[in-house]
$ cat entry.pdb   # PDB, C-alpha atoms
ATOM      1  CA  MET A   1     -41.173 -81.396  23.519
ATOM      2  CA  ASP A   2     -41.388 -80.378  19.894
ATOM      3  CA  SER A   3     -44.117 -77.863  20.674
ATOM      4  CA  ASN A   4     -41.944 -76.176  23.302
ATOM      5  CA  ILE A   5     -39.098 -75.814  20.833
ATOM      6  CA  ALA A   6     -41.443 -74.312  18.269
ATOM      7  CA  ILE A   7     -42.748 -71.841  20.853
ATOM      8  CA  TRP A   8     -39.192 -70.748  21.744
ATOM      9  CA  ILE A   9     -38.342 -70.310  18.100
ATOM     10  CA  VAL A  10     -41.422 -68.154  17.560
ATOM     11  CA  LEU A  11     -40.559 -66.045  20.602
ATOM     12  CA  LEU A  12     -37.023 -65.527  19.394
ATOM     13  CA  VAL A  13     -38.283 -64.487  15.975
ATOM     14  CA  LEU A  14     -40.713 -62.043  17.554
ATOM     15  CA  ILE A  15     -38.017 -60.567  19.766
ATOM     16  CA  LEU A  16     -35.689 -60.218  16.798
ATOM     17  CA  PHE A  17     -38.460 -58.561  14.788
ATOM     18  CA  VAL A  18     -39.181 -56.113  17.589
ATOM     19  CA  VAL A  19     -35.504 -55.234  17.868
ATOM     20  CA  ILE A  20     -35.283 -54.661  14.132
ATOM     21  CA  VAL A  21     -38.425 -52.522  14.196
ATOM     22  CA  LEU A  22     -37.077 -50.458  17.078
ATOM     23  CA  VAL A  23     -33.733 -49.998  15.379
ATOM     24  CA  ARG A  24     -35.392 -48.869  12.167
ATOM     25  CA  ALA A  25     -37.963 -46.720  13.940
ATOM     26  CA  VAL A  26     -35.686 -44.797  16.321
ATOM     27  CA  ARG A  27     -33.136 -42.406  14.787
ATOM     28  CA  ILE A  28     -30.725 -39.975  16.443
ATOM     29  CA  VAL A  29     -29.446 -37.128  14.249
ATOM     30  CA  PRO A  30     -26.161 -35.563  15.486
ATOM     31  CA  GLN A  31     -25.591 -31.825  15.754
ATOM     32  CA  ALA A  32     -24.761 -30.003  12.477
ATOM     33  CA  ARG A  33     -26.292 -32.843  10.493
ATOM     34  CA  ALA A  34     -29.545 -33.112   8.585
ATOM     35  CA  GLY A  35     -31.436 -36.060   7.156
ATOM     36  CA  VAL A  36     -34.109 -36.426   4.496
ATOM     37  CA  VAL A  37     -36.958 -38.874   5.152
ATOM     38  CA  GLU A  38     -38.837 -40.525   2.270
ATOM     39  CA  ARG A  39     -42.177 -42.215   2.850
ATOM     40  CA  LEU A  40     -42.947 -44.843   0.256
ATOM     41  CA  GLY A  41     -40.348 -43.287  -2.060
ATOM     42  CA  LYS A  42     -41.618 -39.695  -1.740
ATOM     43  CA  TYR A  43     -40.080 -36.813   0.217
ATOM     44  CA  GLN A  44     -41.777 -36.602   3.584
ATOM     45  CA  ARG A  45     -39.688 -34.301   5.824
ATOM     46  CA  THR A  46     -36.199 -33.150   6.847
ATOM     47  CA  LEU A  47     -34.858 -34.348  10.178
ATOM     48  CA  ASN A  48     -33.173 -31.861  12.495
ATOM     49  CA  PRO A  49     -30.589 -32.790  15.152
ATOM     50  CA  GLY A  50     -32.110 -34.856  17.944
ATOM     51  CA  LEU A  51     -34.230 -37.980  18.488
ATOM     52  CA  THR A  52     -36.955 -38.883  15.986
ATOM     53  CA  ILE A  53     -39.304 -41.815  15.305
ATOM     54  CA  LEU A  54     -39.837 -43.336  11.888
ATOM     55  CA  ILE A  55     -42.388 -45.807  10.640
ATOM     56  CA  PRO A  56     -40.535 -49.030   9.966
ATOM     57  CA  PHE A  57     -40.605 -50.388   6.422
ATOM     58  CA  VAL A  58     -42.516 -47.255   5.339
ATOM     59  CA  ASP A  59     -40.142 -44.400   6.045
ATOM     60  CA  ARG A  60     -36.569 -44.453   4.718
ATOM     61  CA  LEU A  61     -33.830 -42.146   6.003
ATOM     62  CA  LEU A  62     -31.337 -41.048   3.380
ATOM     63  CA  PRO A  63     -27.636 -40.527   4.242
ATOM     64  CA  LEU A  64     -27.116 -37.591   6.562
ATOM     65  CA  LEU A  65     -25.753 -34.326   5.153
ATOM     66  CA  ASP A  66     -23.063 -32.244   6.835
ATOM     67  CA  LEU A  67     -24.284 -28.689   7.476
ATOM     68  CA  ARG A  68     -20.874 -27.347   8.467
ATOM     69  CA  GLU A  69     -18.813 -25.180   6.136
ATOM     70  CA  GLN A  70     -16.718 -27.373   3.894
ATOM     71  CA  VAL A  71     -13.445 -26.700   2.121
ATOM     72  CA  VAL A  72     -12.752 -28.353  -1.215
ATOM     73  CA  SER A  73      -9.451 -27.943  -3.072
ATOM     74  CA  PHE A  74      -9.670 -28.578  -6.776
ATOM     75  CA  PRO A  75      -6.720 -29.755  -8.897
ATOM     76  CA  PRO A  76      -4.913 -27.307 -11.191
ATOM     77  CA  GLN A  77      -6.890 -26.293 -14.251
ATOM     78  CA  PRO A  78      -5.319 -25.016 -17.513
ATOM     79  CA  VAL A  79      -6.734 -21.617 -18.443
ATOM     80  CA  ILE A  80      -5.977 -19.548 -21.540
ATOM     81  CA  THR A  81      -5.535 -15.817 -20.954
ATOM     82  CA  GLU A  82      -6.436 -13.006 -23.324
ATOM     83  CA  ASP A  83      -2.877 -12.892 -24.715
ATOM     84  CA  ASN A  84      -3.055 -16.644 -25.585
ATOM     85  CA  LEU A  85      -0.915 -17.931 -22.711
ATOM     86  CA  VAL A  86      -1.830 -21.105 -20.854
ATOM     87  CA  VAL A  87      -1.652 -20.759 -17.072
ATOM     88  CA  SER A  88      -2.358 -23.388 -14.437
ATOM     89  CA  ILE A  89      -4.674 -22.221 -11.632
ATOM     90  CA  ASP A  90      -5.460 -23.988  -8.340
ATOM     91  CA  THR A  91      -8.706 -23.038  -6.605
ATOM     92  CA  VAL A  92     -10.156 -23.554  -3.138
ATOM     93  CA  VAL A  93     -13.904 -23.218  -2.558
ATOM     94  CA  TYR A  94     -15.578 -22.706   0.850
ATOM     95  CA  PHE A  95     -19.261 -23.678   0.806
ATOM     96  CA  GLN A  96     -22.020 -24.774   3.169
ATOM     97  CA  VAL A  97     -25.226 -26.794   2.724
ATOM     98  CA  THR A  98     -28.167 -24.633   3.787
ATOM     99  CA  ASP A  99     -31.086 -26.726   2.452
ATOM    100  CA  ALA A 100     -30.805 -30.504   2.789
ATOM    101  CA  ARG A 101     -33.852 -31.161   0.585
ATOM    102  CA  ALA A 102     -32.502 -29.033  -2.322
ATOM    103  CA  ALA A 103     -29.006 -30.498  -1.983
ATOM    104  CA  THR A 104     -30.550 -33.988  -2.228
ATOM    105  CA  TYR A 105     -33.081 -33.572  -5.019
ATOM    106  CA  GLU A 106     -31.897 -30.566  -7.066
ATOM    107  CA  ILE A 107     -28.424 -31.872  -7.869
ATOM    108  CA  ALA A 108     -26.997 -35.365  -8.071
ATOM    109  CA  ASN A 109     -23.443 -34.536  -6.816
ATOM    110  CA  TYR A 110     -23.103 -30.987  -5.594
ATOM    111  CA  ILE A 111     -19.322 -31.219  -4.977
ATOM    112  CA  GLN A 112     -18.673 -32.266  -8.557
ATOM    113  CA  ALA A 113     -21.120 -29.620  -9.748
ATOM    114  CA  VAL A 114     -19.280 -26.914  -7.772
ATOM    115  CA  GLU A 115     -15.948 -28.071  -9.219
ATOM    116  CA  GLN A 116     -17.163 -27.971 -12.815
ATOM    117  CA  LEU A 117     -18.906 -24.638 -12.325
ATOM    118  CA  THR A 118     -15.750 -23.203 -10.774
ATOM    119  CA  THR A 119     -13.642 -24.386 -13.706
ATOM    120  CA  THR A 120     -15.925 -22.935 -16.375
ATOM    121  CA  THR A 121     -16.398 -19.654 -14.527
ATOM    122  CA  LEU A 122     -12.650 -19.366 -13.944
ATOM    123  CA  ARG A 123     -11.955 -19.821 -17.640
ATOM    124  CA  ASN A 124     -14.525 -17.177 -18.540
ATOM    125  CA  VAL A 125     -13.118 -14.665 -16.058
ATOM    126  CA  VAL A 126      -9.410 -15.232 -16.723
ATOM    127  CA  GLY A 127     -10.009 -15.468 -20.482
ATOM    128  CA  GLY A 128     -10.793 -11.740 -20.498
ATOM    129  CA  LEU A 129      -7.541 -10.795 -18.735
ATOM    130  CA  ASN A 130      -3.954 -10.788 -19.906
ATOM    131  CA  LEU A 131      -1.208 -12.525 -17.934
ATOM    132  CA  GLU A 132      -0.143  -9.480 -15.940
ATOM    133  CA  GLU A 133      -3.738  -8.648 -14.994
ATOM    134  CA  ALA A 134      -4.394 -12.255 -14.031
ATOM    135  CA  LEU A 135      -1.356 -12.286 -11.744
ATOM    136  CA  THR A 136      -2.227  -8.991 -10.060
ATOM    137  CA  SER A 137      -6.042  -9.215  -9.907
ATOM    138  CA  ARG A 138      -6.643 -12.118  -7.561
ATOM    139  CA  ASP A 139      -9.129 -10.252  -5.408
ATOM    140  CA  GLN A 140     -11.126  -9.259  -8.482
ATOM    141  CA  ILE A 141     -11.124 -12.850  -9.801
ATOM    142  CA  ASN A 142     -12.115 -14.219  -6.390
ATOM    143  CA  GLY A 143     -15.022 -11.775  -6.150
ATOM    144  CA  GLN A 144     -16.340 -12.629  -9.626
ATOM    145  CA  LEU A 145     -16.060 -16.372  -8.988
ATOM    146  CA  ARG A 146     -17.853 -16.105  -5.662
ATOM    147  CA  GLY A 147     -20.684 -14.053  -7.176
ATOM    148  CA  VAL A 148     -21.288 -16.485 -10.051
ATOM    149  CA  LEU A 149     -21.008 -19.601  -7.879
ATOM    150  CA  ASP A 150     -23.233 -18.242  -5.124
ATOM    151  CA  GLU A 151     -25.912 -17.305  -7.636
ATOM    152  CA  ALA A 152     -25.787 -20.671  -9.439
ATOM    153  CA  THR A 153     -25.592 -22.869  -6.329
ATOM    154  CA  GLY A 154     -28.338 -21.044  -4.439
ATOM    155  CA  ARG A 155     -31.058 -23.239  -5.988
ATOM    156  CA  TRP A 156     -29.058 -26.324  -4.993
ATOM    157  CA  GLY A 157     -29.318 -25.417  -1.307
ATOM    158  CA  ILE A 158     -25.629 -24.476  -1.156
ATOM    159  CA  ARG A 159     -24.067 -21.159  -0.173
ATOM    160  CA  VAL A 160     -20.578 -20.388  -1.468
ATOM    161  CA  SER A 161     -18.912 -18.146   1.108
ATOM    162  CA  ARG A 162     -15.436 -17.804  -0.330
ATOM    163  CA  VAL A 163     -13.306 -18.677  -3.350
ATOM    164  CA  GLU A 164      -9.518 -18.439  -3.273
ATOM    165  CA  LEU A 165      -6.853 -18.916  -5.944
ATOM    166  CA  LYS A 166      -4.034 -20.951  -4.410
ATOM    167  CA  ALA A 167      -1.582 -20.511  -7.259
ATOM    168  CA  ILE A 168      -1.323 -19.122 -10.763
ATOM    169  CA  ASP A 169       1.554 -20.789 -12.603
ATOM    170  CA  PRO A 170       2.484 -19.402 -16.030
ATOM    171  CA  PRO A 171       4.581 -21.466 -18.501
ATOM    172  CA  HIS A 172       8.251 -22.016 -17.658
ATOM    173  CA  SER A 173       9.430 -19.875 -20.575
ATOM    174  CA  ILE A 174       7.263 -17.008 -19.344
ATOM    175  CA  GLN A 175       8.541 -17.518 -15.800
ATOM    176  CA  ASP A 176      12.140 -17.241 -17.032
ATOM    177  CA  SER A 177      11.309 -14.068 -18.976
ATOM    178  CA  MET A 178       9.532 -12.616 -15.945
ATOM    179  CA  GLU A 179      12.486 -13.426 -13.698
ATOM    180  CA  LYS A 180      14.883 -11.749 -16.149
ATOM    181  CA  GLN A 181      12.589  -8.735 -16.366
ATOM    182  CA  MET A 182      12.302  -8.521 -12.591
ATOM    183  CA  ARG A 183      16.073  -8.873 -12.248
ATOM    184  CA  ALA A 184      16.641  -6.106 -14.801
ATOM    185  CA  GLU A 185      14.080  -3.933 -13.023
ATOM    186  CA  ARG A 186      15.778  -4.512  -9.678
ATOM    187  CA  ASP A 187      19.185  -3.691 -11.219
ATOM    188  CA  ARG A 188      17.724  -0.522 -12.737
ATOM    189  CA  ARG A 189      16.230   0.534  -9.427
ATOM    190  CA  ALA A 190      19.495  -0.231  -7.649
ATOM    191  CA  ALA A 191      21.420   1.871 -10.193
ATOM    192  CA  ILE A 192      18.940   4.714  -9.797
ATOM    193  CA  LEU A 193      19.165   4.553  -6.017
ATOM    194  CA  THR A 194      22.978   4.467  -6.196
ATOM    195  CA  ALA A 195      23.035   7.477  -8.525
ATOM    196  CA  GLU A 196      20.576   9.331  -6.298
ATOM    197  CA  GLY A 197      22.671   8.527  -3.263
ATOM    198  CA  LEU A 198      25.862   9.691  -4.991
ATOM    199  CA  LYS A 199      24.111  12.843  -6.142
ATOM    200  CA  GLN A 200      22.829  13.600  -2.653
ATOM    201  CA  SER A 201      26.270  12.843  -1.217
ATOM    202  CA  GLN A 202      27.957  15.236  -3.649
ATOM    203  CA  ILE A 203      25.323  17.891  -2.977
ATOM    204  CA  LEU A 204      25.765  17.523   0.769
ATOM    205  CA  THR A 205      29.550  17.544   0.408
ATOM    206  CA  ALA A 206      29.482  20.701  -1.728
ATOM    207  CA  GLU A 207      27.024  22.313   0.671
ATOM    208  CA  GLY A 208      29.253  21.401   3.588
ATOM    209  CA  GLN A 209      32.325  22.804   1.861
ATOM    210  CA  ARG A 210      30.435  25.990   0.990
ATOM    211  CA  GLN A 211      29.244  26.390   4.563
ATOM    212  CA  ALA A 212      32.770  25.675   5.818
ATOM    213  CA  ALA A 213      34.234  28.271   3.432
ATOM    214  CA  ILE A 214      31.617  30.794   4.495
ATOM    215  CA  LEU A 215      32.266  30.125   8.158
ATOM    216  CA  ALA A 216      36.042  30.288   7.612
ATOM    217  CA  ALA A 217      35.699  33.587   5.747
ATOM    218  CA  GLU A 218      33.444  34.950   8.453
ATOM    219  CA  GLY A 219      35.938  33.776  11.071
ATOM    220  CA  ASP A 220      38.863  35.392   9.222
ATOM    221  CA  ALA A 221      36.866  38.609   8.817
ATOM    222  CA  LYS A 222      35.955  38.672  12.495
ATOM    223  CA  ALA A 223      39.561  37.851  13.464
ATOM    224  CA  ALA A 224      40.891  40.633  11.209
ATOM    225  CA  ILE A 225      38.358  43.052  12.693
ATOM    226  CA  LEU A 226      39.335  42.011  16.209
ATOM    227  CA  ARG A 227      43.046  42.333  15.380
ATOM    228  CA  ALA A 228      42.453  45.737  13.833
ATOM    229  CA  ASP A 229      40.410  46.785  16.864
ATOM    230  CA  GLY A 230      43.170  45.510  19.157
ATOM    231  CA  GLU A 231      45.893  47.324  17.231
ATOM    232  CA  ALA A 232      43.802  50.487  17.141
ATOM    233  CA  GLN A 233      43.236  50.281  20.859
ATOM    234  CA  ALA A 234      46.948  49.608  21.455
ATOM    235  CA  ILE A 235      47.931  52.569  19.259
ATOM    236  CA  GLN A 236      45.362  54.727  21.009
ATOM    237  CA  LYS A 237      46.692  53.696  24.411
ATOM    238  CA  VAL A 238      50.288  54.406  23.336
ATOM    239  CA  PHE A 239      49.238  57.707  21.839
ATOM    240  CA  ASP A 240      47.369  58.625  25.035
ATOM    241  CA  ALA A 241      50.329  57.564  27.186
ATOM    242  CA  ILE A 242      52.741  59.602  25.084
ATOM    243  CA  HIS A 243      50.580  62.684  25.290
ATOM    244  CA  LYS A 244      50.087  62.273  29.020
ATOM    245  CA  GLY A 245      53.892  62.048  29.473
ATOM    246  CA  ASN A 246      54.330  65.264  27.459
ATOM    247  CA  PRO A 247      57.611  64.134  25.733
ATOM    248  CA  THR A 248      60.062  66.654  24.314
ATOM    249  CA  GLN A 249      61.438  66.710  20.810
ATOM    250  CA  LYS A 250      64.807  65.562  22.101
ATOM    251  CA  LEU A 251      63.306  62.417  23.735
ATOM    252  CA  LEU A 252      61.428  61.543  20.573
ATOM    253  CA  ALA A 253      64.596  61.935  18.512
ATOM    254  CA  TYR A 254      66.487  59.668  20.885
ATOM    255  CA  GLN A 255      63.760  56.974  20.755
ATOM    256  CA  TYR A 256      63.801  57.219  16.985
ATOM    257  CA  LEU A 257      67.533  56.517  16.879
ATOM    258  CA  GLN A 258      67.081  53.490  19.141
ATOM    259  CA  THR A 259      64.444  52.070  16.813
ATOM    260  CA  LEU A 260      66.531  52.354  13.640
ATOM    261  CA  PRO A 261      68.754  49.273  14.317
ATOM    262  CA  LYS A 262      65.653  47.090  14.531
ATOM    263  CA  LEU A 263      64.896  47.895  10.904
ATOM    264  CA  ALA A 264      67.991  45.980   9.863
ATOM    265  CA  GLU A 265      67.136  42.845  11.853
ATOM    266  CA  GLY A 266      66.375  39.681   9.900
ATOM    267  CA  GLU A 267      68.343  37.567   7.438
ATOM    268  CA  SER A 268      66.318  38.782   4.463
ATOM    269  CA  ASN A 269      67.318  42.418   4.892
ATOM    270  CA  LYS A 270      70.140  42.970   2.380
ATOM    271  CA  LEU A 271      69.684  46.690   1.923
ATOM    272  CA  TRP A 272      69.074  49.233   4.663
ATOM    273  CA  ILE A 273      67.567  52.510   3.524
ATOM    274  CA  ILE A 274      68.006  55.348   6.004
ATOM    275  CA  PRO A 275      64.970  57.578   6.097
ATOM    276  CA  SER A 276      65.322  61.323   5.682
ATOM    277  CA  GLU A 277      64.075  61.841   9.215
ATOM    278  CA  VAL A 278      67.410  60.514  10.510
ATOM    279  CA  GLY A 279      69.093  63.805   9.759
ATOM    280  CA  GLU A 280      66.537  65.719  11.727
ATOM    281  CA  ALA A 281      67.003  63.349  14.613
ATOM    282  CA  LEU A 282      70.753  63.728  14.505
ATOM    283  CA  LYS A 283      70.376  67.484  14.544
ATOM    284  CA  GLY A 284      68.234  67.178  17.647
ATOM    285  CA  ILE A 285      70.839  64.983  19.299
ATOM    286  CA  GLY A 286      73.581  67.387  18.255
ATOM    287  CA  SER A 287      71.774  70.329  19.751
ATOM    288  CA  VAL A 288      71.342  68.408  22.944
ATOM    289  CA  LEU A 289      74.998  67.561  23.061
ATOM    290  CA  GLY A 290      75.965  71.143  22.135
ATOM    291  CA  ALA A 291      73.875  72.530  24.919
ATOM    292  CA  ALA A 292      75.592  70.252  27.359
ATOM    293  CA  THR A 293      79.179  71.465  26.297
ATOM    294  CA  PRO A 294      80.597  74.725  27.899
ATOM    295  CA  GLU A 295      81.610  77.708  25.775
ATOM    296  CA  ASP A 296      85.332  77.326  26.519
ATOM    297  CA  GLY A 297      85.354  73.873  24.945
ATOM    298  CA  THR A 298      85.798  72.034  28.220
ATOM    299  CA  PRO A 299      83.840  68.821  28.279
ATOM    300  CA  ALA A 300      80.942  68.832  30.617
ATOM    301  CA  VAL A 301      81.408  66.912  33.773
ATOM    302  CA  SER A 302      78.496  64.829  34.845
ATOM    303  CA  ALA A 303      77.422  64.226  38.349
ATOM    304  CA  ALA A 304      78.750  60.758  38.145
ATOM    305  CA  ASP A 305      82.276  62.061  37.517
ATOM    306  CA  ASN A 306      82.123  64.325  40.547
ATOM    307  CA  ALA A 307      80.976  61.579  42.807
ATOM    308  CA  PRO A 308      83.608  60.359  45.287
ATOM    309  CA  ARG A 309      85.226  57.046  44.336
ATOM    310  CA  GLY A 310      85.917  54.441  46.786
TER     311      GLY A 310
END
$ encode --input "entry.pdb" --output "structure tokens"
Amino acid sequence: MDSNIAIWIVLLVLILFVVIVLVRAVRIVPQARAGVVERLGKYQRTLNPGLTILIPFVDRLLPLLDLREQVVSFPPQPVITEDNLVVSIDTVVYFQVTDARAATYEIANYIQAVEQLTTTTLRNVVGGLNLEEALTSRDQINGQLRGVLDEATGRWGIRVSRVELKAIDPPHSIQDSMEKQMRAERDRRAAILTAEGLKQSQILTAEGQRQAAILAAEGDAKAAILRADGEAQAIQKVFDAIHKGNPTQKLLAYQYLQTLPKLAEGESNKLWIIPSEVGEALKGIGSVLGAATPEDGTPAVSAADNAPRG
């Protein structure tokens, strides 16, 4: 009975040992991961994604490394500019592990190393710029940081793909001065734009008035020309009609006498000057009347007087 129990115990121990050996011997590496295998404490090989077999108690698999691109945001760092102003700068670094062996053995903590290298490089780059250049030269600073970091981290098996500055915060006193300066600049630009607009408005108004005056003058000139042409044509027509009718001197004298009363029309006419031609006209009328009177002094009888009366 005791021997059977001992046999079962030995079998259980063997089964447990086999399970442990299998667990330690069989490894599955996920996609985008890499593992470093040490054999008796020495680097043996790098495991790629997939199934692999290790020698139990001889080979040791170190923690897997992530081969995907990683994003690390570092806390704000105080940096002194060329004009002795302290600014706070936040940085974001995009990097990727390209060599698992170098990332394991060439550097103890590559994330901390990248952070410290970023801080020192940032201070060197921004230290050669004044505040205005630092605020307006982000692309230049990003490019210099990326170049230095990529060169330094290459031997660590890390590739820095991108470096971005999240924020550059100057001191509060400088921020207030910058806000006042920007406000004054905006007010100046607004005043300039207002003056330019008023100037353009006055220019356009004057140009419009000039064009209107020119057009009005041209219209008056054309109207005067048309009126003069109309009066000339009317006079010409009257003159032609008179000549076609072949009027006598007596008819003209009579028409002249009929026109004279019209000269006195109007409330403003206080003085009526009789032209010298009136005498000539009266002589013509007198001759007409004298011709119509018989020699014996008897008044001429018109046809209307001889007509029978009803």
$ resolve_selection --input "entry.pdb" --expression "the PyMOL selection byres ((chain A and resi 156) around 10)" --output "PyMOL selection string"
chain A and resi 97-108+110+113+150-155+157-159
$ closest_residue --input "entry.pdb" --among "A:Gln202, A:Gln144, A:Thr119, A:Ser88" --to "A:Asp169" --atoms "all atoms listed in the file"
A:Ser88
$ atom_distance --input "entry.pdb" --atom1 "atom CA of A:Thr194" --atom2 "atom CA of A:Arg210"
23.9 Å
$ atom_distance --input "entry.pdb" --atom1 "atom CA of A:Ala224" --atom2 "atom CA of A:Lys244"
29.5 Å
$ closest_residue --input "entry.pdb" --among "A:Leu40, A:Ile111, A:Val87, A:Val79" --to "A:Arg123" --atoms "only C-alpha atoms"
A:Val79
$ atom_distance --input "entry.pdb" --atom1 "atom CA of A:Thr46" --atom2 "atom CA of A:Arg27"
12.6 Å
$ resolve_selection --input "entry.pdb" --expression "the PyMOL selection byres ((chain A and resi 9-21) around 12)" --output "number ranges by chain"
A: 2-8, 22-27, 53-59
$ write_last_selection --input "entry.pdb" --atoms "C-alpha atoms" --output "tab-separated table (two decimals), keeping the file's coordinate frame"
chain	number	residue	atom	x	y	z
A	2	ASP	CA	-41.39	-80.38	19.89
A	3	SER	CA	-44.12	-77.86	20.67
A	4	ASN	CA	-41.94	-76.18	23.30
A	5	ILE	CA	-39.10	-75.81	20.83
A	6	ALA	CA	-41.44	-74.31	18.27
A	7	ILE	CA	-42.75	-71.84	20.85
A	8	TRP	CA	-39.19	-70.75	21.74
A	22	LEU	CA	-37.08	-50.46	17.08
A	23	VAL	CA	-33.73	-50.00	15.38
A	24	ARG	CA	-35.39	-48.87	12.17
A	25	ALA	CA	-37.96	-46.72	13.94
A	26	VAL	CA	-35.69	-44.80	16.32
A	27	ARG	CA	-33.14	-42.41	14.79
A	53	ILE	CA	-39.30	-41.82	15.30
A	54	LEU	CA	-39.84	-43.34	11.89
A	55	ILE	CA	-42.39	-45.81	10.64
A	56	PRO	CA	-40.53	-49.03	9.97
A	57	PHE	CA	-40.60	-50.39	6.42
A	58	VAL	CA	-42.52	-47.26	5.34
A	59	ASP	CA	-40.14	-44.40	6.04
$ resolve_selection --input "entry.pdb" --expression "the PyMOL selection byres ((chain A and resi 33) around 7)" --output "list in words"
Val29, Pro30, Gln31, Ala32, Ala34, Gly35, Pro49, Leu64, Leu65, Asp66 and Leu67 of chain A
$ residues_around --input "entry.pdb" --residues "A:Val86" --least-positions-apart "4" --cutoff "12 Å" --atoms "only C-alpha atoms" --output "list in words"
Pro76, Gln77, Pro78, Val79, Ile80, Thr81, Glu82, Arg123, Val126, Gly127, Leu129, Asn130, Leu131, Ala134, Ile168, Asp169, Pro170, Pro171, His172, Ser173 and Ile174 of chain A
$ residues_around --input "entry.pdb" --residues "A:Leu62" --least-positions-apart "5" --cutoff "8 Å" --atoms "all atoms listed in the file" --output "PyMOL selection string"
chain A and resi 35-38
